[in-house]
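**Q** Hey, dropping input_11.txt in here, compact mmCIF, C-alpha atoms:
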```
# COMPACT_ATOMS: atom_id res chain seq x y z
CA ASN A 821 -12.88 14.63 5.05
CA HIS A 822 -14.59 13.98 1.76
CA VAL A 823 -14.85 11.83 -1.30
CA GLU A 824 -13.51 13.02 -4.65
CA LEU A 825 -12.88 11.32 -7.96
CA TRP A 826 -10.63 12.84 -10.61
CA PRO A 827 -11.16 11.29 -14.05
CA PHE A 828 -8.30 11.10 -16.51
CA LEU A 829 -8.05 14.46 -18.31
CA HIS A 830 -5.13 13.73 -20.60
CA ILE A 831 -1.95 11.70 -20.66
CA TRP A 832 1.31 12.95 -19.20
CA ASN A 833 4.48 11.39 -20.53
CA SER A 834 7.35 13.52 -19.25
CA PHE A 835 9.59 12.97 -16.28
CA SER A 836 12.88 14.26 -15.00
CA CYS A 837 16.19 12.44 -15.21
CA PRO A 838 16.62 9.18 -13.22
CA ALA A 839 18.01 9.56 -9.71
CA SER A 840 19.91 7.09 -7.57
CA LEU A 841 18.07 5.24 -4.81
CA MET A 842 19.23 6.30 -1.37
CA THR A 843 18.12 6.51 2.25
CA SER A 844 15.82 9.35 3.29
CA SER A 845 16.59 11.75 6.14
CA TYR A 846 13.10 13.17 6.98
CA LEU A 847 14.67 16.51 7.99
CA ASP A 848 13.09 19.07 5.68
CA TRP A 849 9.39 19.02 6.47
CA THR A 850 6.98 19.66 9.32
CA TYR A 851 3.47 18.37 10.00
CA SER A 852 0.48 20.38 8.83
CA PRO A 853 -2.47 20.57 11.26
CA LYS A 854 -4.50 18.25 9.01
CA PRO A 855 -2.28 17.03 6.17
CA LEU A 856 -4.04 15.96 2.97
CA ILE A 857 -3.34 12.57 1.40
CA ALA A 858 -4.41 11.17 -1.97
CA VAL A 859 -5.29 7.56 -2.77
CA CYS A 860 -5.03 6.32 -6.36
CA GLN A 861 -7.25 3.71 -7.99
CA VAL A 862 -6.00 2.28 -11.30
CA THR A 863 -6.47 -0.60 -13.72
CA SER A 864 -3.01 -1.97 -14.42
CA THR A 865 -2.44 -4.11 -17.53
CA PRO A 866 0.61 -5.89 -18.95
CA ASP A 867 1.43 -2.60 -20.74
CA ARG A 868 3.91 -0.89 -18.41
CA GLU A 869 4.01 2.34 -20.46
CA ARG A 870 0.26 2.74 -20.31
CA ASN A 871 0.35 2.08 -16.56
CA TRP A 872 3.08 4.68 -16.05
CA GLU A 873 1.11 7.30 -17.97
CA ALA A 874 -2.01 6.63 -15.89
CA CYS A 875 -0.24 6.60 -12.52
CA SER A 876 1.96 9.63 -13.18
CA GLN A 877 -1.08 11.64 -14.27
CA LEU A 878 -2.86 10.83 -11.00
CA VAL A 879 0.22 11.72 -8.96
CA ARG A 880 0.47 15.10 -10.70
CA GLU A 881 -3.23 15.78 -10.17
CA ALA A 882 -2.92 14.88 -6.48
CA THR A 883 0.05 17.22 -6.17
CA ARG A 884 -1.94 20.08 -7.70
CA ARG A 885 -4.53 19.46 -4.99
CA ASP A 886 -1.76 19.84 -2.35
CA ALA A 887 -1.58 16.22 -1.21
CA CYS A 888 1.61 15.58 0.76
CA VAL A 889 1.56 11.78 0.35
CA VAL A 890 0.13 9.87 -2.63
CA PHE A 891 -0.68 6.17 -2.29
CA LEU A 892 -0.62 3.82 -5.30
CA PRO A 893 -1.99 0.26 -5.28
CA GLU A 894 -0.33 -3.11 -5.42
CA ALA A 895 0.96 -3.93 -8.92
CA PHE A 896 0.94 -0.27 -9.96
CA ASP A 897 3.72 -1.20 -12.41
CA PHE A 898 1.80 -3.97 -14.24
CA ILE A 899 -0.43 -7.02 -13.91
CA GLY A 900 0.79 -9.80 -16.17
CA SER A 901 -1.49 -12.19 -18.03
CA CYS A 902 0.52 -15.26 -16.97
CA THR A 903 3.44 -16.23 -14.74
CA GLU A 904 5.93 -16.13 -17.60
CA GLU A 905 4.92 -12.59 -18.57
CA THR A 906 5.03 -11.43 -14.95
CA LEU A 907 8.56 -12.72 -14.48
CA SER A 908 9.73 -11.26 -17.79
CA LEU A 909 8.40 -7.77 -16.96
CA ALA A 910 9.80 -7.62 -13.42
CA GLU A 911 12.87 -5.45 -12.72
CA PRO A 912 15.37 -4.86 -9.91
CA LEU A 913 14.83 -1.78 -7.76
CA GLU A 914 17.69 -0.09 -9.59
CA GLY A 915 15.94 -0.52 -12.95
CA ASP A 916 14.75 2.29 -15.19
CA TYR A 917 11.05 1.83 -14.47
CA LEU A 918 11.22 2.50 -10.74
CA GLN A 919 13.61 5.37 -11.34
CA ARG A 920 10.78 7.17 -13.14
CA TYR A 921 8.79 7.21 -9.91
CA VAL A 922 11.79 8.31 -7.89
CA SER A 923 12.19 11.24 -10.30
CA LEU A 924 8.45 11.94 -10.25
CA ALA A 925 8.43 12.19 -6.44
CA ARG A 926 11.32 14.64 -6.53
CA GLU A 927 9.85 16.68 -9.39
CA CYS A 928 6.44 16.97 -7.70
CA GLY A 929 7.85 17.38 -4.19
CA VAL A 930 5.55 14.66 -2.86
CA TRP A 931 5.92 11.40 -0.95
CA LEU A 932 4.88 8.26 -2.85
CA SER A 933 3.69 4.96 -1.44
CA LEU A 934 4.44 2.52 -4.28
CA GLY A 935 2.39 -0.35 -3.08
CA GLY A 936 3.64 -3.52 -4.70
CA PHE A 937 6.48 -3.41 -7.21
CA HIS A 938 7.44 -6.64 -8.99
CA GLU A 939 11.06 -6.80 -7.83
CA LYS A 940 13.78 -9.04 -9.19
CA GLY A 941 15.86 -9.35 -6.04
CA LYS A 942 19.51 -10.22 -5.60
CA ASP A 943 18.56 -13.92 -5.42
CA TRP A 944 16.73 -13.90 -8.77
CA GLU A 945 19.28 -16.09 -10.55
CA SER A 946 19.10 -18.79 -7.87
CA THR A 947 15.36 -18.74 -7.05
CA ARG A 948 13.75 -17.59 -10.33
CA ARG A 949 11.14 -15.92 -8.15
CA ILE A 950 10.45 -12.23 -7.55
CA TYR A 951 9.39 -10.15 -4.53
CA ASN A 952 6.23 -8.12 -4.01
CA CYS A 953 7.86 -4.94 -2.71
CA HIS A 954 6.15 -1.90 -1.15
CA LEU A 955 8.37 1.18 -1.43
CA LEU A 956 8.02 4.52 0.30
CA VAL A 957 9.75 7.35 -1.57
CA ASP A 958 10.16 10.80 -0.03
CA ALA A 959 9.74 14.20 -1.67
CA LYS A 960 13.45 14.38 -2.52
CA GLY A 961 13.26 11.13 -4.49
CA CYS A 962 14.95 9.06 -1.78
CA VAL A 963 13.71 5.60 -0.84
CA ALA A 964 12.66 5.87 2.81
CA ALA A 965 11.62 2.23 3.27
CA ALA A 966 11.12 -1.04 1.42
CA TYR A 967 8.88 -3.84 2.66
CA ARG A 968 8.63 -7.20 0.91
CA LYS A 969 5.30 -8.97 1.37
CA ILE A 970 5.51 -11.75 3.96
CA HIS A 971 2.03 -13.28 3.57
CA LEU A 972 1.60 -14.71 0.07
CA PHE A 973 -1.86 -15.19 -1.44
CA ASP A 974 -2.30 -18.91 -2.14
CA VAL A 975 -6.04 -19.52 -2.45
CA GLU A 976 -8.30 -22.05 -4.18
CA LEU A 977 -11.99 -21.15 -3.91
CA GLU A 978 -13.76 -23.76 -5.98
CA GLY A 979 -15.26 -22.29 -9.12
CA ARG A 980 -14.43 -18.71 -8.10
CA VAL A 981 -10.79 -17.84 -7.33
CA SER A 982 -7.58 -19.74 -8.04
CA LEU A 983 -4.29 -17.99 -7.39
CA LYS A 984 -0.93 -19.16 -6.05
CA GLU A 985 1.38 -16.20 -5.47
CA SER A 986 4.11 -18.42 -4.02
CA ALA A 987 4.54 -20.10 -7.42
CA PHE A 988 6.48 -17.06 -8.64
CA THR A 989 7.07 -14.91 -5.53
CA ASN A 990 9.45 -15.20 -2.59
CA PRO A 991 8.09 -14.17 0.81
CA GLY A 992 9.86 -11.30 2.52
CA SER A 993 11.92 -12.05 5.61
CA GLU A 994 10.94 -9.15 7.90
CA MET A 995 8.52 -6.32 8.58
CA ALA A 996 9.53 -2.69 8.09
CA PRO A 997 9.35 -0.28 11.05
CA PRO A 998 6.90 2.64 10.77
CA VAL A 999 8.24 5.59 8.78
CA PRO A 1000 7.69 9.27 9.71
CA THR A 1001 6.07 11.18 6.81
CA PRO A 1002 4.39 14.60 6.53
CA ALA A 1003 1.04 12.86 7.13
CA GLY A 1004 2.11 10.78 10.13
CA LYS A 1005 4.00 7.58 10.87
CA VAL A 1006 3.21 5.03 8.15
CA GLY A 1007 3.24 1.26 8.60
CA LEU A 1008 3.78 -0.69 5.38
CA ALA A 1009 1.81 -3.80 4.40
CA ILE A 1010 0.43 -5.26 1.16
CA CYS A 1011 -2.99 -6.69 0.23
CA TYR A 1012 -3.27 -10.19 1.80
CA ASP A 1013 -1.41 -8.89 4.89
CA LEU A 1014 -4.76 -7.27 5.70
CA ARG A 1015 -6.06 -10.63 6.94
CA PHE A 1016 -3.41 -10.91 9.67
CA PRO A 1017 -4.29 -8.62 12.61
CA GLU A 1018 -1.07 -9.48 14.44
CA MET A 1019 0.86 -7.52 11.84
CA ALA A 1020 -1.34 -4.44 12.21
CA LEU A 1021 -1.13 -4.57 16.00
CA THR A 1022 2.65 -4.85 15.87
CA LEU A 1023 2.96 -1.85 13.55
CA ALA A 1024 0.63 0.24 15.72
CA GLN A 1025 2.51 -0.69 18.89
CA ALA A 1026 5.70 0.40 17.12
CA GLY A 1027 4.19 3.85 16.58
CA ALA A 1028 2.30 3.63 13.28
CA GLU A 1029 -0.52 6.16 12.94
CA ILE A 1030 -1.40 5.18 9.37
CA LEU A 1031 -1.57 1.58 8.16
CA THR A 1032 -1.47 1.20 4.41
CA TYR A 1033 -2.77 -1.80 2.47
CA PRO A 1034 -2.18 -1.31 -1.27
CA SER A 1035 -4.16 -4.10 -2.88
CA ALA A 1036 -5.47 -5.96 -5.88
CA PHE A 1037 -8.36 -7.80 -4.20
CA THR A 1038 -10.34 -10.20 -6.35
CA VAL A 1039 -13.97 -9.32 -7.02
CA THR A 1040 -15.14 -12.37 -5.03
CA THR A 1041 -13.11 -11.74 -1.89
CA GLY A 1042 -13.43 -7.97 -2.15
CA ALA A 1043 -17.22 -7.95 -2.24
CA ALA A 1044 -17.34 -10.14 0.87
CA HIS A 1045 -14.41 -8.97 2.98
CA TRP A 1046 -12.69 -5.76 1.78
CA GLU A 1047 -14.55 -3.10 3.75
CA VAL A 1048 -15.05 -5.12 6.92
CA LEU A 1049 -11.36 -6.05 7.12
CA LEU A 1050 -10.17 -2.47 6.57
CA ARG A 1051 -12.54 -1.10 9.18
CA ALA A 1052 -11.60 -3.84 11.64
CA ARG A 1053 -7.88 -3.05 11.31
CA ALA A 1054 -8.63 0.64 11.89
CA VAL A 1055 -10.77 0.02 14.97
CA GLU A 1056 -8.50 -2.51 16.68
CA THR A 1057 -5.35 -0.39 16.17
CA GLN A 1058 -7.02 3.04 16.49
CA SER A 1059 -5.18 4.06 13.33
CA TYR A 1060 -5.96 5.52 9.95
CA VAL A 1061 -6.10 2.80 7.31
CA VAL A 1062 -5.27 3.76 3.72
CA ALA A 1063 -6.09 1.25 0.99
CA ALA A 1064 -5.24 2.07 -2.62
CA ALA A 1065 -6.75 -0.58 -4.88
CA GLN A 1066 -6.71 -1.98 -8.37
CA THR A 1067 -10.06 -1.90 -10.15
CA GLY A 1068 -11.68 -3.38 -13.25
CA GLN A 1069 -10.45 -5.86 -15.85
CA HIS A 1070 -6.68 -6.13 -16.30
CA HIS A 1071 -6.80 -8.84 -18.98
CA PRO A 1072 -9.33 -11.53 -19.95
CA SER A 1073 -8.62 -13.72 -16.90
CA ARG A 1074 -8.13 -11.13 -14.13
CA SER A 1075 -10.31 -8.43 -12.58
CA SER A 1076 -10.05 -6.49 -9.31
CA PHE A 1077 -12.65 -5.18 -6.86
CA GLY A 1078 -11.57 -1.55 -6.49
CA HIS A 1079 -13.25 0.57 -3.77
CA SER A 1080 -10.06 2.33 -2.65
CA MET A 1081 -10.72 4.01 0.68
CA VAL A 1082 -9.46 5.72 3.80
CA VAL A 1083 -10.82 4.67 7.20
CA ASP A 1084 -10.35 6.77 10.33
CA PRO A 1085 -9.36 5.44 13.79
CA TRP A 1086 -13.02 5.17 14.81
CA GLY A 1087 -13.72 2.88 11.86
CA SER A 1088 -15.58 5.43 9.73
CA ILE A 1089 -14.95 5.59 5.98
CA VAL A 1090 -13.82 9.18 5.32
CA ALA A 1091 -12.93 8.86 1.62
CA GLN A 1092 -13.67 6.32 -1.09
CA CYS A 1093 -13.20 6.08 -4.86
CA ARG A 1094 -16.14 5.49 -7.14
CA GLU A 1095 -16.01 3.00 -10.01
CA GLY A 1096 -13.07 3.17 -12.40
CA PRO A 1097 -9.64 4.80 -12.17
CA GLY A 1098 -9.36 7.99 -10.15
CA LEU A 1099 -8.43 9.63 -6.86
CA CYS A 1100 -9.92 10.16 -3.44
CA PHE A 1101 -8.61 12.59 -0.83
CA ALA A 1102 -8.67 12.60 2.97
CA GLU A 1103 -7.34 14.79 5.76
CA ILE A 1104 -5.33 13.03 8.45
CA ASP A 1105 -6.31 14.37 11.87
CA LEU A 1106 -3.51 13.22 14.18
CA PRO A 1107 -4.74 15.15 17.26
CA TYR A 1108 -8.05 13.28 16.91
CA LEU A 1109 -6.19 9.96 16.65
CA HIS A 1110 -4.13 10.58 19.77
CA ARG A 1111 -7.13 11.89 21.70
CA LEU A 1112 -9.02 8.70 20.86
CA ARG A 1113 -6.09 6.53 21.94
CA GLN A 1114 -5.93 8.45 25.22
CA GLU A 1115 -9.67 8.25 25.90
CA MET A 1116 -9.84 4.54 25.07
CA PRO A 1117 -6.32 3.20 25.85
CA VAL A 1118 -6.71 -0.20 24.24
CA PHE A 1119 -3.00 -0.93 23.99
CA ALA A 1120 -2.48 -0.20 27.69
CA HIS A 1121 -5.24 -2.71 28.44
CA ARG A 1122 -3.71 -5.55 26.44
CA ARG A 1123 -2.43 -8.53 28.47
CA PRO A 1124 0.20 -10.11 26.20
CA ARG A 1125 1.72 -12.32 28.90
CA PHE A 1126 -1.60 -14.12 29.28
CA TYR A 1127 -1.88 -14.64 25.53
CA SER A 1128 1.68 -15.97 25.37
CA ARG A 1129 1.20 -18.22 28.40
CA ALA A 1130 -2.00 -19.72 26.98
CA ALA A 1131 -0.39 -20.25 23.59
CA ALA A 1132 2.56 -22.05 25.20
CA GLU A 1133 0.34 -24.19 27.46
CA TRP A 1134 -1.94 -25.13 24.60
CA GLY A 1135 0.94 -25.90 22.24
CA LEU A 1136 0.08 -23.11 19.82
CA GLY A 1137 3.36 -21.19 19.79
CA LEU A 1138 3.49 -17.43 20.31
CA PRO A 1139 0.44 -15.51 19.03
```
Mind turning the file's structure into structure tokens?

**A**
Amino acid sequence: NHVELWPFLHIWNSFSCPASLMTSSYLDWTYSPKPLIAVCQVTSTPDRERNWEACSQLVREATRRDACVVFLPEAFDFIGSCTEETLSLAEPLEGDYLQRYVSLARECGVWLSLGGFHEKGKDWESTRRIYNCHLLVDAKGCVAAAYRKIHLFDVELEGRVSLKESAFTNPGSEMAPPVPTPAGKVGLAICYDLRFPEMALTLAQAGAEILTYPSAFTVTTGAAHWEVLLRARAVETQSYVVAAAQTGQHHPSRSSFGHSMVVDPWGSIVAQCREGPGLCFAEIDLPYLHRLRQEMPVFAHRRPRFYSRAAAEWGLGLP
């Protein structure tokens, strides 16, 4: 387990023909003893072509380093300078832009976690709002899972942060079950979901070994909370936590904290990006994870009926 940063060497701008989106079968791979994953850190802008060139270069570099799963951050496609621009740049999942990544996954023979695509859903005409969609694409270019963010970031920190995601985004209606990948079973979440431990616990109880939080944390909230939240989710679920992050200035009114990282089930940071765009790599040690869960069986010790009873008696609803 180690930290590595790969600076941009040159720009790649070729990709294979678009492929249709379809359901993955998971039949043609086996686990390595310690599979290698790669975590991308980028600075998205409103320029989707520039963002594609940057992300595809990192994916290719990660593939050359034998990563089996590559994680990209929230808003890997673009970060708009205003609501109107964001809505105008969004596309349906069947659009040409996402098809590039489907083709890239197939060409490179690698799984991609596309952590926050601006999706114009089937209800676009009626709602005029988009979805924040986390897609998992397998090495054949098939979409294995799609999760639409359920916790929207509506925050007003006086003089520091003002953002209302719900002004232009619909919340998702359900969580996605963990997905088997060559690195382990992956539970999908996005950014602000990190602040809701119930979601992480549910995914881990459903079998997730890796929780992924692709993000675009603000500098203010990131400096205060990013690392401690990621390590807390890892410790309480005894899972690997993978957090690909946006970094730097996207346009004059928006900057992100960066510090992409991987945290192991003990809560130790095993890989982290330095400043600026780049990659970090980590090995996923599943035998270690399962040994830890066996030695400290936290989930077997949980007493959910007491939590539910107290919540009902106190008028809180189910926890």

**Q** When distances are computed from all atoms listed in the file, which of A:Val1082, A:Ile899, A:Leu932, A:Ala1120 shows the smallest separation from Val957 in chain A?

**A**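 Counting all atoms listed in the file, the residue closest to Val957 in chain A is A:Leu932.
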
**Q** Each residue of range 980-1036 of chain A lying at most 12 Å from range 908-930 of chain A should get a row with its shortest atom-to-atom pair and the distance in Å to one decimal, counting all atoms listed in the file; could you produce that, ordered by chain and increasing number, as CSV?

**A**
```
residue,atom,partner,partner_atom,distance
A:Phe988,CA,A:Ala910,CA,11.1
A:Thr989,CA,A:Ala910,CA,11.1
A:Thr1001,CA,A:Val930,CA,10.3
A:Pro1002,CA,A:Val930,CA,9.5
A:Ala1003,CA,A:Val930,CA,11.1
```

**Q** Atoms to include: C-alpha atoms. Write the selected residues as a CSV table (one decimal), in the coordinates of the input.

**A**
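File produced: result.csv:
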```csv
chain,number,residue,atom,x,y,z
A,988,PHE,CA,6.5,-17.1,-8.6
A,989,THR,CA,7.1,-14.9,-5.5
A,1001,THR,CA,6.1,11.2,6.8
A,1002,PRO,CA,4.4,14.6,6.5
A,1003,ALA,CA,1.0,12.9,7.1
```

**Q** Quote the spacing between CA of Pro853 in chain A and CA of Leu1106 in chain A in Å to one decimal place.

**A**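 Separation between CA of Pro853 in chain A and CA of Leu1106 in chain A: 8.0 Å.
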
**Q** Counting all atoms listed in the file, find residues at most 10 Å from (3.5, -19.9, -7.0) (file frame) and give them as a list in words.

**A**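 The residues near that point, listed by chain and number, are Thr903, Arg949, Leu972, Phe973, Asp974, Leu983, Lys984, Glu985, Ser986, Ala987, Phe988, Thr989 and Asn990 of chain A.
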
**Q** Any idea what the distance is between CA of Val1118 in chain A and CA of Glu1133 in chain A?

**A**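 That distance, rounded to one decimal, is 25.2 Å.
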